[in-house]
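Below: protein.txt (compact mmCIF, C-alpha atoms)
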# COMPACT_ATOMS: atom_id res chain seq x y z
CA MET A 286 5.81 37.56 -28.69
CA GLU A 287 3.32 36.62 -26.02
CA PRO A 288 4.44 34.17 -23.37
CA GLU A 289 2.84 30.75 -23.55
CA ALA A 290 0.03 30.10 -21.12
CA PRO A 291 0.87 27.42 -18.55
CA LEU A 292 -0.32 24.03 -19.76
CA VAL A 293 -2.87 22.46 -17.47
CA ARG A 294 -2.99 18.68 -17.85
CA ASP A 295 -5.97 16.58 -16.98
CA PRO A 296 -4.87 14.23 -14.17
CA GLN A 297 -7.15 11.49 -15.49
CA LEU A 298 -5.59 11.76 -18.94
CA LEU A 299 -2.11 11.53 -17.45
CA LYS A 300 -3.13 8.63 -15.25
CA GLY A 301 -4.04 6.61 -18.31
CA VAL A 302 -0.73 7.09 -20.08
CA LEU A 303 1.66 7.19 -17.12
CA PRO A 304 2.40 3.44 -17.07
CA MET A 305 3.27 3.64 -20.76
CA LEU A 306 5.55 6.62 -20.19
CA VAL A 307 7.23 4.91 -17.26
CA LEU A 308 7.90 1.80 -19.34
CA ALA A 309 9.18 3.93 -22.22
CA LEU A 310 11.63 5.88 -20.06
CA LEU A 311 12.86 2.77 -18.29
CA GLU A 312 13.28 1.04 -21.62
CA GLY A 313 15.73 3.78 -22.50
CA ASP A 314 17.61 3.63 -19.22
CA GLU A 315 16.94 1.98 -15.88
CA SER A 316 16.21 4.31 -12.96
CA TYR A 317 15.27 4.31 -9.30
CA GLY A 318 11.96 5.82 -8.26
CA TYR A 319 12.93 9.40 -7.49
CA GLU A 320 15.28 9.60 -10.46
CA LEU A 321 12.46 8.45 -12.72
CA VAL A 322 10.27 11.26 -11.40
CA THR A 323 12.98 13.81 -12.22
CA ARG A 324 13.23 12.31 -15.72
CA LEU A 325 9.47 12.70 -16.15
CA HIS A 326 9.82 16.31 -15.02
CA GLY A 327 12.62 16.77 -17.50
CA ALA A 328 10.40 15.38 -20.24
CA GLY A 329 7.85 18.09 -19.51
CA LEU A 330 5.56 16.38 -17.02
CA THR A 331 6.38 18.81 -14.25
CA GLY A 332 3.19 18.13 -12.35
CA VAL A 333 3.93 14.45 -11.79
CA ALA A 334 4.75 13.67 -8.15
CA THR A 335 6.41 10.69 -6.53
CA GLY A 336 3.10 9.85 -4.89
CA THR A 337 1.72 9.18 -8.35
CA VAL A 338 4.71 7.35 -9.80
CA TYR A 339 5.58 4.97 -6.94
CA PRO A 340 2.23 3.13 -7.06
CA VAL A 341 2.63 2.76 -10.83
CA LEU A 342 6.09 1.23 -10.35
CA THR A 343 4.72 -1.10 -7.69
CA ARG A 344 1.87 -2.23 -9.92
CA LEU A 345 4.06 -2.72 -12.99
CA GLU A 346 6.49 -4.79 -10.96
CA ARG A 347 3.66 -6.84 -9.47
CA ASP A 348 2.30 -7.48 -12.95
CA GLY A 349 5.70 -8.67 -14.12
CA HIS A 350 6.27 -5.72 -16.46
CA LEU A 351 9.23 -4.44 -14.47
CA ALA A 352 12.17 -6.13 -12.82
CA SER A 353 14.31 -4.47 -10.18
CA ARG A 354 17.72 -4.69 -8.60
CA LEU A 355 19.34 -2.97 -5.65
CA VAL A 356 22.38 -0.84 -6.44
CA ALA A 357 24.64 0.51 -3.68
CA SER A 358 24.96 4.27 -3.60
CA ASP A 359 27.63 6.58 -2.18
CA ALA A 360 24.98 9.20 -1.49
CA GLY A 361 22.74 7.20 0.77
CA PRO A 362 20.95 3.88 0.94
CA ALA A 363 20.95 1.34 -1.87
CA ARG A 364 18.62 2.36 -4.69
CA LYS A 365 16.11 0.06 -6.31
CA TYR A 366 16.58 0.34 -10.07
CA TYR A 367 13.74 -0.70 -12.35
CA ARG A 368 13.89 -1.95 -15.92
CA PRO A 369 11.24 -3.47 -18.21
CA THR A 370 10.95 -7.22 -18.54
CA ASP A 371 10.12 -8.92 -21.84
CA ALA A 372 6.45 -8.78 -20.81
CA GLY A 373 6.89 -5.08 -20.04
CA ARG A 374 8.42 -4.40 -23.45
CA ALA A 375 5.55 -6.28 -25.09
CA ALA A 376 3.04 -4.27 -23.04
CA LEU A 377 4.82 -1.08 -24.05
CA ALA A 378 4.58 -2.01 -27.71
CA VAL A 379 0.85 -2.65 -27.40
CA ALA A 380 0.30 0.57 -25.44
CA ASN A 381 2.37 2.51 -27.98
CA ALA A 382 0.31 1.20 -30.88
CA SER A 383 -2.95 1.87 -29.03
CA TRP A 384 -1.85 5.40 -28.20
CA HIS A 385 -0.93 6.25 -31.78
CA SER A 386 -4.17 4.76 -33.05
CA LEU A 387 -6.19 6.79 -30.56
CA ALA A 388 -4.13 9.93 -31.14
CA ALA A 389 -4.72 9.68 -34.89
CA VAL A 390 -8.47 9.56 -34.35
CA VAL A 391 -8.39 12.41 -31.84
CA ASP A 392 -6.22 14.54 -34.12
CA HIS A 393 -8.56 13.88 -37.03
CA VAL A 394 -11.65 14.82 -35.04
CA LEU A 395 -10.07 17.95 -33.60
CA ALA A 396 -8.69 19.04 -36.97
CA ALA A 397 -11.99 18.58 -38.84
CA PRO A 398 -14.23 21.63 -39.30
CA GLU A 399 -17.15 21.84 -36.86
CA GLU A 400 -19.78 20.83 -39.46
CA GLU A 401 -17.92 17.63 -40.37
CA ARG A 402 -17.72 16.30 -36.82
CA MET B 92 24.65 16.09 -1.56
CA THR B 93 21.98 15.72 1.07
CA THR B 94 22.91 13.88 4.19
CA THR B 95 20.92 10.73 4.91
CA THR B 96 21.47 10.76 8.66
CA LEU B 97 17.99 11.53 9.90
CA SER B 98 17.29 13.39 13.08
CA LEU B 99 15.03 11.80 15.64
CA ALA B 100 12.22 14.14 14.59
CA ASP B 101 12.61 13.15 10.94
CA ARG B 102 12.66 9.47 11.83
CA TRP B 103 9.42 10.01 13.74
CA ARG B 104 7.88 11.85 10.78
CA ARG B 105 8.82 9.05 8.40
CA PHE B 106 7.53 6.44 10.84
CA THR B 107 4.19 8.16 11.35
CA TYR B 108 3.79 8.76 7.61
CA VAL B 109 4.37 5.10 6.74
CA GLN B 110 2.18 3.94 9.64
CA THR B 111 -0.64 6.15 8.41
CA VAL B 112 -0.29 4.77 4.90
CA GLU B 113 -0.41 1.28 6.39
CA LEU B 114 -3.63 2.11 8.22
CA PHE B 115 -5.30 3.10 4.95
CA LEU B 116 -3.88 0.01 3.20
CA ASP B 117 -5.86 -2.21 5.52
CA ALA B 118 -7.88 -3.62 2.63
CA MET B 119 -4.70 -4.97 1.02
CA PRO B 120 -3.65 -8.55 1.86
CA ARG B 121 -1.03 -8.55 4.63
CA ARG B 122 1.82 -10.03 2.60
CA ARG B 123 1.19 -7.66 -0.26
CA ARG B 124 0.87 -4.72 2.13
CA ARG B 125 4.22 -5.51 3.73
CA ALA B 126 5.88 -5.64 0.33
CA VAL B 127 4.35 -2.32 -0.70
CA LEU B 128 5.37 -0.62 2.54
CA ALA B 129 8.90 -2.00 2.34
CA GLU B 130 9.21 -0.60 -1.15
CA LEU B 131 7.74 2.71 -0.01
CA ARG B 132 10.35 2.96 2.76
CA GLU B 133 13.11 2.27 0.22
CA ASN B 134 11.75 4.95 -2.07
CA ILE B 135 11.44 7.46 0.77
CA ASP B 136 15.01 6.76 1.86
CA ALA B 137 16.31 7.14 -1.69
CA ALA B 138 14.37 10.38 -2.21
CA THR B 139 15.53 11.64 1.18
CA ALA B 140 19.12 11.17 0.12
CA ASP B 141 18.39 13.28 -2.96
CA VAL B 142 16.17 16.08 -1.66
CA GLY B 143 15.71 15.63 2.09
CA LEU B 144 12.86 14.14 4.03
CA PRO B 145 10.49 17.15 4.10
CA THR B 146 10.46 17.37 0.30
CA ALA B 147 10.34 13.58 -0.09
CA LEU B 148 7.23 13.36 2.09
CA ALA B 149 5.63 16.47 0.59
CA ASP B 150 5.99 15.01 -2.91
CA LEU B 151 4.22 11.85 -1.80
CA GLY B 152 1.12 13.80 -0.80
CA ARG B 153 -1.32 12.86 1.92
CA PRO B 154 -0.93 9.29 3.24
CA SER B 155 -4.59 8.54 2.56
CA ASP B 156 -4.26 9.67 -1.08
CA LEU B 157 -1.10 7.63 -1.58
CA ALA B 158 -2.73 4.56 -0.07
CA ALA B 159 -5.74 5.06 -2.34
CA ARG B 160 -3.45 5.04 -5.39
CA TYR B 161 -1.83 1.82 -4.22
CA LEU B 162 -5.25 0.29 -3.63
CA GLU B 163 -6.60 1.30 -7.04
CA SER B 164 -4.85 -1.63 -8.65
CA GLU B 165 -5.56 -4.10 -5.88
CA PRO B 166 -8.68 -6.25 -5.53
CA PRO B 167 -10.71 -4.33 -2.93
CA ASP B 168 -12.39 -7.40 -1.55
CA ARG B 169 -10.92 -7.66 1.93
CA PRO B 170 -12.60 -6.29 5.05
CA THR B 171 -10.79 -3.35 6.65
CA TRP B 172 -10.51 -4.80 10.14
CA HIS B 173 -8.19 -2.11 11.53
CA ILE B 174 -10.44 0.73 10.42
CA GLY B 175 -13.48 -1.06 11.87
CA ALA B 176 -11.73 -1.68 15.20
CA LEU B 177 -10.60 1.95 15.34
CA ALA B 178 -14.13 3.23 14.68
CA ALA B 179 -15.64 0.87 17.26
CA SER B 180 -12.99 1.96 19.78
CA ILE B 181 -13.98 5.58 19.27
CA VAL B 182 -17.63 4.70 19.95
CA PHE B 183 -16.57 2.77 23.07
CA ALA B 184 -14.43 5.68 24.27
CA ALA B 185 -17.32 8.09 23.72
CA TRP B 186 -19.68 5.83 25.67
CA LEU B 187 -17.12 5.40 28.48
CA LEU B 188 -16.56 9.14 28.70
CA GLY B 189 -20.31 9.76 28.75
CA THR B 190 -20.78 7.23 31.55
CA VAL B 191 -17.98 8.73 33.63
CA VAL B 192 -19.29 12.27 33.16
CA TYR B 193 -22.83 11.14 34.02
CA THR B 194 -21.61 9.37 37.17
CA PHE B 195 -19.57 12.35 38.31
CA GLY B 196 -22.63 14.51 37.70
CA MET B 197 -24.68 12.27 39.98
CA LEU B 198 -22.03 12.37 42.71
CA ASP B 199 -21.69 16.12 42.40
CA ALA B 200 -25.45 16.59 42.69
CA LEU B 201 -25.59 14.38 45.78
CA LEU B 202 -22.82 16.35 47.46
CA ALA B 203 -24.56 19.60 46.63
CA LEU B 204 -27.99 18.49 47.81
CA SER B 205 -27.16 17.03 51.19
CA PRO B 206 -24.28 17.25 53.66
CA ALA B 207 -25.11 13.75 54.93
CA THR B 208 -24.37 10.53 53.09
CA SER B 209 -26.98 9.98 50.41
CA VAL B 210 -27.61 7.53 47.63
CA ALA B 211 -29.04 7.95 44.14
CA GLU B 212 -29.74 5.52 41.37
CA GLY B 213 -29.93 6.13 37.66
CA SER B 214 -29.03 4.60 34.35
CA PHE B 215 -27.01 5.62 31.36
CA PHE B 216 -27.55 3.78 28.07
CA GLY B 217 -28.81 0.69 29.88
CA VAL B 218 -26.17 0.56 32.61
CA GLY B 219 -27.58 0.96 36.11
CA ILE B 220 -25.58 3.37 38.24
CA ARG B 221 -25.80 3.56 42.02
CA ALA B 222 -23.99 6.61 43.35
CA GLU B 223 -23.25 7.20 47.01
CA ALA B 224 -21.76 10.43 48.30
CA GLY B 225 -21.14 11.88 51.73
CA PRO B 226 -18.49 13.26 54.04
CA GLU B 227 -16.70 9.92 54.30
CA VAL B 228 -17.75 8.05 51.19
CA LEU B 229 -17.71 8.66 47.47
CA ALA B 230 -18.61 5.58 45.45
CA ALA B 231 -20.34 4.41 42.33
CA GLU B 232 -21.58 0.96 41.41
CA PHE B 233 -22.43 -0.17 37.89
CA ARG B 234 -24.82 -2.94 36.93
CA GLY B 235 -25.87 -4.48 33.67
CA VAL B 236 -24.70 -4.22 30.09
CA SER B 237 -25.15 -1.21 27.86
CA TRP B 238 -26.79 -3.02 24.98
CA PRO B 239 -27.37 0.17 22.96
CA ALA B 240 -23.64 0.89 23.14
CA VAL B 241 -22.79 -2.72 22.28
CA VAL B 242 -25.13 -2.67 19.28
CA ALA B 243 -23.70 0.69 18.17
CA MET B 244 -20.14 -0.66 18.39
CA VAL B 245 -21.02 -3.81 16.46
CA VAL B 246 -22.82 -1.84 13.74
CA ILE B 247 -20.01 0.72 13.46
CA PHE B 248 -17.41 -2.07 13.38
CA GLY B 249 -19.34 -3.84 10.63
CA LEU B 250 -19.79 -0.71 8.55
CA PHE B 251 -16.25 0.62 8.85
CA SER B 252 -14.61 -2.78 8.41
CA ARG B 253 -16.83 -3.41 5.34
CA LEU B 254 -17.84 -6.72 6.83
CA TRP B 255 -19.99 -7.64 3.83
CA ARG B 256 -16.81 -8.32 1.86
CA VAL B 257 -16.45 -11.66 3.65
CA LEU B 258 -19.56 -12.83 1.80
CA PRO B 259 -18.55 -14.91 -1.23
CA GLY B 260 -20.98 -13.09 -3.51
CA ALA B 261 -19.50 -9.71 -2.61
CA ARG B 262 -16.06 -10.47 -4.00
CA ARG B 263 -15.17 -8.67 -7.15
CA VAL B 264 -14.70 -10.72 -10.27
CA SER B 265 -11.55 -9.54 -12.01
Could you take the file, read its structure, and then write that structure out as structure tokens?
Amino acid sequence: MEPEAPLVRDPQLLKGVLPMLVLALLEGDESYGYELVTRLHGAGLTGVATGTVYPVLTRLERDGHLASRLVASDAGPARKYYRPTDAGRAALAVANASWHSLAAVVDHVLAAPEEER
Amino acid sequence: MTTTTLSLADRWRRFTYVQTVELFLDAMPRRRRRAVLAELRENIDAATADVGLPTALADLGRPSDLAARYLESEPPDRPTWHIGALAASIVFAAWLLGTVVYTFGMLDALLALSPATSVAEGSFFGVGIRAEAGPEVLAAEFRGVSWPAVVAMVVIFGLFSRLWRVLPGARRVS
């Protein structure tokens, strides 16, 4: 069995869906910034760096899609934990529906024979 | 567990990193910029506790790139005063250095040409320079204003601070 080629992801593609993924992960469980990055890595997005995620968290919080709270830590300074607000959950639902709608079209186009496209 | 007690060198690295980000966030409103930087410091400290400062800063990438990502979602309609002032200062420093070098060149030439006290006059970018050199005197006198340098500084300041953003029509409609 041949080893799988490393998957190269388009940064622009990831940029478009990252806020949705952040909201989805935080909907499952609140996290602080660096922990969220490790969760994204664990989900398979190994190329995502903190320098990409922190601005997304900042923007989502500014837009009222995330709320945060400081939690004391034994391992260092207090951590800022983020969780979706009601507006964030609504935005996630819209983004989720949009993504599946777009993915269905993309899958259809990619699956169709060349002459039918 | 990674210790969170930072060495002086690490504190300096974190300070310079955040300061550099702040420089590139000049277009962001001050209150918003302070909030973003405070959050960035919290995130750096939390990441430092997990993986250490070198990795925490390396993961963030270049300060200019990070600032650009923060700015992507902000209305880019404010002039970048700090960047403009920095660019104008560089022009001023270059002009000052050029004037000093030119003046020392005049004095050096006078000393080389004659053992007696002698005087020479010249100008550098509009500033009149009177140099006097001899066994017992070494002096330079400057007159006038270097208008070319002033104009260059004003133009550079305007360009780098994106001065046109103060015009009402230049503001982005969002």
For this session: Pull out every residue of chain A that has at least one atom within 8 Å of chain B, counting only C-alpha atoms, and report them as a VMD selection string.
Result: chain A and resid 318 to 319 334 to 337 339 to 340 343 to 344 360 to 365
For this session: Find the residues around region 379-387 of chain A up to 10 Å (all atoms listed in the file counted), leave out those fewer than 2 positions away in its own chain, and share them as a list in words.
Result: Val302, Pro304, Met305, Leu306, Leu308, Ala309, Gly373, Arg374, Ala375, Ala376, Leu377, Ala389, Val390, Val391, Asp392 and His393 of chain A
Dump as a PDB file, in the coordinates of the input, selection limited to C-alpha atoms:
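Produced file result_28.pdb, reproduced below:
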ATOM      1  CA  VAL A 302      -0.730   7.090 -20.080  1.00  0.00           C
ATOM      2  CA  PRO A 304       2.400   3.440 -17.070  1.00  0.00           C
ATOM      3  CA  MET A 305       3.270   3.640 -20.760  1.00  0.00           C
ATOM      4  CA  LEU A 306       5.550   6.620 -20.190  1.00  0.00           C
ATOM      5  CA  LEU A 308       7.900   1.800 -19.340  1.00  0.00           C
ATOM      6  CA  ALA A 309       9.180   3.930 -22.220  1.00  0.00           C
ATOM      7  CA  GLY A 373       6.890  -5.080 -20.040  1.00  0.00           C
ATOM      8  CA  ARG A 374       8.420  -4.400 -23.450  1.00  0.00           C
ATOM      9  CA  ALA A 375       5.550  -6.280 -25.090  1.00  0.00           C
ATOM     10  CA  ALA A 376       3.040  -4.270 -23.040  1.00  0.00           C
ATOM     11  CA  LEU A 377       4.820  -1.080 -24.050  1.00  0.00           C
ATOM     12  CA  ALA A 389      -4.720   9.680 -34.890  1.00  0.00           C
ATOM     13  CA  VAL A 390      -8.470   9.560 -34.350  1.00  0.00           C
ATOM     14  CA  VAL A 391      -8.390  12.410 -31.840  1.00  0.00           C
ATOM     15  CA  ASP A 392      -6.220  14.540 -34.120  1.00  0.00           C
ATOM     16  CA  HIS A 393      -8.560  13.880 -37.030  1.00  0.00           C
TER      17      HIS A 393
END
For this session: Can you work out the spacing between CA of Ala372 (chain A) and CA of Leu116 (chain B) in Å, to one decimal?
Result: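 Answer for the CA of Ala372 (chain A) to CA of Leu116 (chain B) separation: 27.6 Å.
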For this session: Measure the distance from CA of Tyr108 (chain B) to CA of His350 (chain A) in Å and round it to one decimal.
Result: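 About the pair CA of Tyr108 (chain B) and CA of His350 (chain A): they are 28.2 Å apart.
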Exercise. Distance CA of Ala200 (chain B)-CA of Val182 (chain B), one decimal place?
Worked result: 26.8 Å
Problem set entry | Long-range neighbours of Val228 (chain B) as a list in words, 12 Å cut-off, all atoms listed in the file, 3 positions minimum in chain |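 The contact residues come out as Leu198, Leu201, Leu202, Pro206, Ala207, Thr208, Ser209, Val210, Ala222, Glu223, Ala224, Gly225 and Ala231 of chain B.
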Exercise. Which is closest to Val218 (chain B) among B:Arg104, B:Arg234, B:Arg253, B:Arg169, if we use all atoms listed in the file?
Worked result: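 Nearest to Val218 (chain B): B:Arg234.
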Problem set entry | A:Asp295, A:Asp359, A:Asp371, A:Glu320 ranked by distance to Gly332 (chain A), top pick (using all atoms listed in the file) |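 Among A:Asp295, A:Asp359, A:Asp371, A:Glu320, it is A:Asp295 that comes nearest to Gly332 (chain A).
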For this session: Name the closest residue to Ala378 (chain A) among the candidates A:Gly327, A:Leu299, A:Glu312, A:Val356; distances are taken between atoms, counting all atoms listed in the file.
Result: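 Residue with the minimum atom-to-atom distance to Ala378 (chain A): A:Glu312.
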Which neighbours of Ser353 (chain A) fall inside 7 Å, counting all atoms listed in the file, when residues of the same chain fewer than 3 positions from it are skipped, and could you give them as an mmCIF file with C-alpha atoms, keeping the file's coordinate frame?
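Result written to result_24.cif:
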data_model
loop_
_atom_site.group_PDB
_atom_site.id
_atom_site.type_symbol
_atom_site.label_atom_id
_atom_site.label_comp_id
_atom_site.auth_asym_id
_atom_site.auth_seq_id
_atom_site.Cartn_x
_atom_site.Cartn_y
_atom_site.Cartn_z
ATOM 1 C CA LYS A 365 16.110 0.060 -6.310
ATOM 2 C CA TYR A 366 16.580 0.340 -10.070
ATOM 3 C CA TYR A 367 13.740 -0.700 -12.350
ATOM 4 C CA ARG A 368 13.890 -1.950 -15.920
#
Surrounding residues of region 244-249 of chain B excluding itself and chain neighbours under 3 positions, 9 Å, all atoms listed in the file, as a PDB file with C-alpha atoms, in the frame of the given file:
ATOM      1  CA  TRP B 172     -10.510  -4.800  10.140  1.00  0.00           C
ATOM      2  CA  ILE B 174     -10.440   0.730  10.420  1.00  0.00           C
ATOM      3  CA  GLY B 175     -13.480  -1.060  11.870  1.00  0.00           C
ATOM      4  CA  ALA B 176     -11.730  -1.680  15.200  1.00  0.00           C
ATOM      5  CA  LEU B 177     -10.600   1.950  15.340  1.00  0.00           C
ATOM      6  CA  ALA B 178     -14.130   3.230  14.680  1.00  0.00           C
ATOM      7  CA  ALA B 179     -15.640   0.870  17.260  1.00  0.00           C
ATOM      8  CA  SER B 180     -12.990   1.960  19.780  1.00  0.00           C
ATOM      9  CA  ILE B 181     -13.980   5.580  19.270  1.00  0.00           C
ATOM     10  CA  VAL B 182     -17.630   4.700  19.950  1.00  0.00           C
ATOM     11  CA  PHE B 183     -16.570   2.770  23.070  1.00  0.00           C
ATOM     12  CA  PRO B 239     -27.370   0.170  22.960  1.00  0.00           C
ATOM     13  CA  ALA B 240     -23.640   0.890  23.140  1.00  0.00           C
ATOM     14  CA  VAL B 241     -22.790  -2.720  22.280  1.00  0.00           C
ATOM     15  CA  SER B 252     -14.610  -2.780   8.410  1.00  0.00           C
ATOM     16  CA  ARG B 253     -16.830  -3.410   5.340  1.00  0.00           C
ATOM     17  CA  LEU B 254     -17.840  -6.720   6.830  1.00  0.00           C
ATOM     18  CA  TRP B 255     -19.990  -7.640   3.830  1.00  0.00           C
TER      19      TRP B 255
END
Problem set entry | Shell around Arg105 (chain B) at 9 Å using only C-alpha atoms, local window under 3 positions removed, as a PyMOL selection string | chain B and resi 100-102+108-110+132+135+144+148
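When all atoms listed in the file are used to measure the gap to Glu315 (chain A), the shortest distance among A:Ala352, A:Leu345, A:Ala397, A:Val333 belongs to A:Ala352.
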Exercise. Hey, which of B:Val257, B:Thr171, B:Ser214, B:Met119 ends up closest to Val191 (chain B)? Count only C-alpha atoms.
Worked result: B:Ser214
For region 215-223 of chain B, supply all heavy atoms and format the output as a PDB file, keeping the file's coordinate frame.
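Okay, rebuild.pdb is ready:
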ATOM      1  N   PHE B 215     -27.568   4.924  32.518  1.00  0.00           N
ATOM      2  CA  PHE B 215     -27.010   5.620  31.360  1.00  0.00           C
ATOM      3  C   PHE B 215     -26.828   4.590  30.244  1.00  0.00           C
ATOM      4  O   PHE B 215     -26.021   3.673  30.345  1.00  0.00           O
ATOM      5  CB  PHE B 215     -25.667   6.262  31.729  1.00  0.00           C
ATOM      6  CG  PHE B 215     -25.086   7.115  30.635  1.00  0.00           C
ATOM      7  CD1 PHE B 215     -25.551   8.409  30.408  1.00  0.00           C
ATOM      8  CD2 PHE B 215     -24.085   6.620  29.814  1.00  0.00           C
ATOM      9  CE1 PHE B 215     -25.022   9.183  29.398  1.00  0.00           C
ATOM     10  CE2 PHE B 215     -23.550   7.396  28.802  1.00  0.00           C
ATOM     11  CZ  PHE B 215     -24.020   8.681  28.590  1.00  0.00           C
ATOM     12  N   PHE B 216     -27.592   4.723  29.201  1.00  0.00           N
ATOM     13  CA  PHE B 216     -27.550   3.780  28.070  1.00  0.00           C
ATOM     14  C   PHE B 216     -27.628   2.332  28.539  1.00  0.00           C
ATOM     15  O   PHE B 216     -26.869   1.482  28.086  1.00  0.00           O
ATOM     16  CB  PHE B 216     -26.285   3.987  27.229  1.00  0.00           C
ATOM     17  CG  PHE B 216     -26.421   5.105  26.231  1.00  0.00           C
ATOM     18  CD1 PHE B 216     -25.995   6.385  26.552  1.00  0.00           C
ATOM     19  CD2 PHE B 216     -26.984   4.897  24.987  1.00  0.00           C
ATOM     20  CE1 PHE B 216     -26.121   7.415  25.643  1.00  0.00           C
ATOM     21  CE2 PHE B 216     -27.121   5.925  24.078  1.00  0.00           C
ATOM     22  CZ  PHE B 216     -26.696   7.194  24.398  1.00  0.00           C
ATOM     23  N   GLY B 217     -28.561   2.069  29.456  1.00  0.00           N
ATOM     24  CA  GLY B 217     -28.810   0.690  29.880  1.00  0.00           C
ATOM     25  C   GLY B 217     -27.985   0.228  31.046  1.00  0.00           C
ATOM     26  O   GLY B 217     -28.251  -0.849  31.588  1.00  0.00           O
ATOM     27  N   VAL B 218     -26.985   0.969  31.465  1.00  0.00           N
ATOM     28  CA  VAL B 218     -26.170   0.560  32.610  1.00  0.00           C
ATOM     29  C   VAL B 218     -26.724   1.232  33.864  1.00  0.00           C
ATOM     30  O   VAL B 218     -26.832   2.468  33.916  1.00  0.00           O
ATOM     31  CB  VAL B 218     -24.689   0.957  32.400  1.00  0.00           C
ATOM     32  CG1 VAL B 218     -23.886   0.739  33.686  1.00  0.00           C
ATOM     33  CG2 VAL B 218     -24.089   0.140  31.274  1.00  0.00           C
ATOM     34  N   GLY B 219     -27.104   0.402  34.859  1.00  0.00           N
ATOM     35  CA  GLY B 219     -27.580   0.960  36.110  1.00  0.00           C
ATOM     36  C   GLY B 219     -26.432   1.537  36.904  1.00  0.00           C
ATOM     37  O   GLY B 219     -25.371   0.910  37.025  1.00  0.00           O
ATOM     38  N   ILE B 220     -26.633   2.720  37.468  1.00  0.00           N
ATOM     39  CA  ILE B 220     -25.580   3.370  38.240  1.00  0.00           C
ATOM     40  C   ILE B 220     -26.127   3.688  39.627  1.00  0.00           C
ATOM     41  O   ILE B 220     -27.182   4.320  39.762  1.00  0.00           O
ATOM     42  CB  ILE B 220     -25.104   4.681  37.567  1.00  0.00           C
ATOM     43  CG1 ILE B 220     -24.597   4.385  36.153  1.00  0.00           C
ATOM     44  CG2 ILE B 220     -24.014   5.349  38.401  1.00  0.00           C
ATOM     45  CD1 ILE B 220     -24.297   5.635  35.343  1.00  0.00           C
ATOM     46  N   ARG B 221     -25.434   3.233  40.637  1.00  0.00           N
ATOM     47  CA  ARG B 221     -25.800   3.560  42.020  1.00  0.00           C
ATOM     48  C   ARG B 221     -24.673   4.417  42.575  1.00  0.00           C
ATOM     49  O   ARG B 221     -23.553   3.954  42.742  1.00  0.00           O
ATOM     50  CB  ARG B 221     -25.962   2.281  42.840  1.00  0.00           C
ATOM     51  CG  ARG B 221     -26.393   2.524  44.281  1.00  0.00           C
ATOM     52  CD  ARG B 221     -26.557   1.198  45.016  1.00  0.00           C
ATOM     53  NE  ARG B 221     -27.042   1.402  46.386  1.00  0.00           N
ATOM     54  CZ  ARG B 221     -26.251   1.717  47.405  1.00  0.00           C
ATOM     55  NH1 ARG B 221     -24.950   1.844  47.234  1.00  0.00           N
ATOM     56  NH2 ARG B 221     -26.776   1.882  48.621  1.00  0.00           N
ATOM     57  N   ALA B 222     -25.004   5.664  42.855  1.00  0.00           N
ATOM     58  CA  ALA B 222     -23.990   6.610  43.350  1.00  0.00           C
ATOM     59  C   ALA B 222     -24.235   6.878  44.823  1.00  0.00           C
ATOM     60  O   ALA B 222     -25.386   7.044  45.261  1.00  0.00           O
ATOM     61  CB  ALA B 222     -24.051   7.900  42.554  1.00  0.00           C
ATOM     62  N   GLU B 223     -23.169   6.926  45.577  1.00  0.00           N
ATOM     63  CA  GLU B 223     -23.250   7.200  47.010  1.00  0.00           C
ATOM     64  C   GLU B 223     -22.209   8.258  47.347  1.00  0.00           C
ATOM     65  O   GLU B 223     -21.024   8.106  47.023  1.00  0.00           O
ATOM     66  CB  GLU B 223     -22.986   5.905  47.802  1.00  0.00           C
ATOM     67  CG  GLU B 223     -23.154   6.087  49.302  1.00  0.00           C
ATOM     68  CD  GLU B 223     -22.969   4.768  50.055  1.00  0.00           C
ATOM     69  OE1 GLU B 223     -22.598   3.758  49.389  1.00  0.00           O
ATOM     70  OE2 GLU B 223     -23.181   4.739  51.263  1.00  0.00           O
TER      71      GLU B 223
END
